[in-house]
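Engineer: Have a look at this one before I ask anything.
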Amino acid sequence: MKIATYNVNGVNGRLPVLLQWLQESTPDVVCLQELKAPQEKFPEKAIQDAGYHAIWHGQKSWNGVAILARNEQPVEVRRGLPGEAEDDQSRYIEATVNGILICCLYLPNGNPAPGPKFDYKLRWFERLTAHAAELFASGKPVVLTGDYNVMPTEIDVYKPERWGDDALFRPEVRQAFKTLVDQGWTDAIRKLYPDEKIYTFWDYFRNAYSRDAGLRIDHFLLSPHLDKRLIAAGVNRNVRGWEKTSDHAPVWIELADE
DNA sequence: ATGCCGTGGAAACCACGA
């Protein structure tokens, strides 16, 4: 079973790239972030024609998350994280697919830091961590995946010395990621490739992709049950080189059948 | 060191992203 996450940076503007990648990669489950489309503008028909059923939480202009499943209907469990009723940003959706709880998240960027956006990021992280603790305690097979907007360690940044004050790399944020992982989750990429330079995002400008000036900010966290089933993981970096592409590349894991 | 690029929405610029 292959599960992927992809920050598309505009699902409608990215539709040809998304469909091409789905056709080439044929993931069983896909988590999308940054739809940048209101609920009624999600390209449901095109995605259905590609063989995927979907649930999504849209929002005008910004944010937006979706879960796709090939030849199967994702069964929605919740949309939105608990803990802040006034939070109206579409950044979290959760569904069951094939017995696995799929949690698709788009963690706030948080810049500029310090400031209210950074405070929101840290609050959102705390809410995610609280919810993740409940999911972990349930003992169910769980995947927490998406755009975390955090580089966990120095090897996840092309030039860590330049990123120390950035909201994606500040100590509080790295600590928040560590606190979450330390509940017992497995960072799938780092389990399989503990020392390799692996990026999932490259800026559009300054030729970041061709210079390989990248960041690793899209992650898969696995519950212990799924950690045992993990057989492969990677980044479809070539997709970042396509025309009209996102600034993120798709990230994927492969789980052994039960 | 820096939104230099890209997207969406509204209005021929601005907010926002990482």
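Ordering of the structure tokens sets the chain letters (A, B, ...), residue numbers begin anew at 1 in every chain, and ligands are numbered from 1 in the order given.
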Show me, as a list in words, every residue of chain A with an atom at most 7 Å from chain B, counting only C-alpha atoms (C1' of nucleotides).

Structural biologist: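 Here they are: Gly10, Ser61, Asn109, Tyr204, Phe205 and Arg206 of chain A.
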
Engineer: Taking the DSSP assignment computed from this structure's backbone, write out as a list in words all residues of range 176-255 of chain A that belong to strand (DSSP E or B).

Structural biologist: Thr186, Asp187, Phe201, Trp202, Gly214, Leu215, Asp218, His219, Phe220, Leu221, Leu222, Leu230, Ile231, Ala232, Ala233, Gly234, Val235, His248, Val251, Trp252, Ile253, Glu254 and Leu255 of chain A

Engineer: Residues at most 7 Å from range 211-221 of chain A, counting only C-alpha atoms (C1' of nucleotides), excluding those fewer than 3 positions away in the same chain, as a count of residues only?

Structural biologist: 23

Engineer: What are the DSSP helix (DSSP H, G or I) residues of range 16-242 of chain A, as a PyMOL selection string?

Structural biologist: chain A and resi 16-25+39-41+44-49+116-138+154-156+160-162+171-181+188-192+208-211+224-227+237-241

Engineer: Distance CA of Lys121 in chain A-CA of Lys178 in chain A, one decimal place?

Structural biologist: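 Rounded to one decimal, the two atoms are 15.1 Å apart.
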
Engineer: At what distance in Å, to one decimal, does CA of Leu222 in chain A lie from CA of Gly184 in chain A?

Structural biologist: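 Distance between the two atoms: 8.7 Å.
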
Engineer: Interatomic distance between CA of Asn9 in chain A and CA of Ile55 in chain A?

Structural biologist: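 A separation of 17.6 Å between them.
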
Engineer: Nearest to Lys60 in chain A among A:Gly83, A:Lys36, A:Gln73, A:Val235, with distances taken over only C-alpha atoms: which residue is it?

Structural biologist: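 Nearest to Lys60 in chain A: A:Lys36.
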
Engineer: Which neighbours of Gln175 in chain A fall inside 12 Å, counting only C-alpha atoms (C1' of nucleotides), when residues of the same chain fewer than 2 positions from it are skipped, and could you give them as JSON, numbers by chain?

Structural biologist: {"A": [122, 125, 126, 129, 150, 151, 152, 153, 168, 169, 170, 171, 172, 173, 177, 178, 179, 180, 181, 182]}

Engineer: Output the selection as a PDB file, in the first residue's frame - N, CA and C atoms for each residue.

Structural biologist:
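Result file follows (part_11.pdb):
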ATOM      1  N   LEU A 122       2.521  27.870  16.993  1.00  0.00           N
ATOM      2  CA  LEU A 122       2.838  27.093  18.195  1.00  0.00           C
ATOM      3  C   LEU A 122       1.571  26.539  18.850  1.00  0.00           C
ATOM      4  N   PHE A 125       0.424  23.647  16.776  1.00  0.00           N
ATOM      5  CA  PHE A 125       1.293  22.504  17.035  1.00  0.00           C
ATOM      6  C   PHE A 125       0.887  21.806  18.339  1.00  0.00           C
ATOM      7  N   GLU A 126       0.575  22.598  19.368  1.00  0.00           N
ATOM      8  CA  GLU A 126       0.145  22.016  20.645  1.00  0.00           C
ATOM      9  C   GLU A 126      -1.167  21.262  20.480  1.00  0.00           C
ATOM     10  N   THR A 129      -0.422  18.040  18.765  1.00  0.00           N
ATOM     11  CA  THR A 129       0.257  17.106  19.675  1.00  0.00           C
ATOM     12  C   THR A 129      -0.736  16.487  20.656  1.00  0.00           C
ATOM     13  N   VAL A 150       8.231  22.454   9.216  1.00  0.00           N
ATOM     14  CA  VAL A 150       9.320  22.342  10.189  1.00  0.00           C
ATOM     15  C   VAL A 150      10.441  21.498   9.584  1.00  0.00           C
ATOM     16  N   MET A 151      11.676  22.003   9.650  1.00  0.00           N
ATOM     17  CA  MET A 151      12.825  21.164   9.379  1.00  0.00           C
ATOM     18  C   MET A 151      13.290  20.626  10.729  1.00  0.00           C
ATOM     19  N   PRO A 152      13.188  19.312  10.943  1.00  0.00           N
ATOM     20  CA  PRO A 152      13.427  18.769  12.284  1.00  0.00           C
ATOM     21  C   PRO A 152      14.862  18.926  12.775  1.00  0.00           C
ATOM     22  N   THR A 153      15.845  18.801  11.866  1.00  0.00           N
ATOM     23  CA  THR A 153      17.250  18.891  12.286  1.00  0.00           C
ATOM     24  C   THR A 153      18.064  19.632  11.220  1.00  0.00           C
ATOM     25  N   LEU A 168      10.304  28.290  10.524  1.00  0.00           N
ATOM     26  CA  LEU A 168      10.344  26.868  10.177  1.00  0.00           C
ATOM     27  C   LEU A 168      11.472  26.125  10.892  1.00  0.00           C
ATOM     28  N   PHE A 169      12.342  26.905  11.550  1.00  0.00           N
ATOM     29  CA  PHE A 169      13.544  26.258  12.088  1.00  0.00           C
ATOM     30  C   PHE A 169      13.890  26.739  13.494  1.00  0.00           C
ATOM     31  N   ARG A 170      13.103  27.653  14.036  1.00  0.00           N
ATOM     32  CA  ARG A 170      13.402  28.156  15.376  1.00  0.00           C
ATOM     33  C   ARG A 170      13.378  27.016  16.389  1.00  0.00           C
ATOM     34  N   PRO A 171      14.153  27.161  17.447  1.00  0.00           N
ATOM     35  CA  PRO A 171      14.258  26.061  18.428  1.00  0.00           C
ATOM     36  C   PRO A 171      12.910  25.615  18.982  1.00  0.00           C
ATOM     37  N   GLU A 172      11.983  26.574  19.220  1.00  0.00           N
ATOM     38  CA  GLU A 172      10.679  26.182  19.788  1.00  0.00           C
ATOM     39  C   GLU A 172       9.946  25.219  18.871  1.00  0.00           C
ATOM     40  N   VAL A 173      10.092  25.459  17.553  1.00  0.00           N
ATOM     41  CA  VAL A 173       9.355  24.661  16.576  1.00  0.00           C
ATOM     42  C   VAL A 173       9.992  23.284  16.412  1.00  0.00           C
ATOM     43  N   PHE A 177       8.236  19.665  17.302  1.00  0.00           N
ATOM     44  CA  PHE A 177       8.230  18.465  16.449  1.00  0.00           C
ATOM     45  C   PHE A 177       8.791  17.268  17.222  1.00  0.00           C
ATOM     46  N   LYS A 178       9.870  17.514  17.955  1.00  0.00           N
ATOM     47  CA  LYS A 178      10.495  16.433  18.733  1.00  0.00           C
ATOM     48  C   LYS A 178       9.540  15.912  19.804  1.00  0.00           C
ATOM     49  N   THR A 179       8.844  16.833  20.466  1.00  0.00           N
ATOM     50  CA  THR A 179       7.879  16.429  21.498  1.00  0.00           C
ATOM     51  C   THR A 179       6.801  15.525  20.904  1.00  0.00           C
ATOM     52  N   LEU A 180       6.343  15.898  19.712  1.00  0.00           N
ATOM     53  CA  LEU A 180       5.335  15.074  19.035  1.00  0.00           C
ATOM     54  C   LEU A 180       5.899  13.688  18.715  1.00  0.00           C
ATOM     55  N   VAL A 181       7.052  13.656  18.059  1.00  0.00           N
ATOM     56  CA  VAL A 181       7.643  12.372  17.655  1.00  0.00           C
ATOM     57  C   VAL A 181       7.913  11.497  18.878  1.00  0.00           C
ATOM     58  N   ASP A 182       8.332  12.137  19.970  1.00  0.00           N
ATOM     59  CA  ASP A 182       8.700  11.392  21.178  1.00  0.00           C
ATOM     60  C   ASP A 182       7.505  10.726  21.869  1.00  0.00           C
TER      61      ASP A 182
END

Engineer: Hey, which of A:Ala69, A:Ala256, A:Leu32, A:Ala130 ends up closest to Pro82 in chain A? Count only C-alpha atoms.

Structural biologist: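 The closest residue to Pro82 in chain A is A:Ala130.
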
Engineer: From the list A:Asn111, A:Asn71, A:Asn236, A:Gln33, which residue is nearest Ser90 in chain A when using only C-alpha atoms?

Structural biologist: A:Gln33
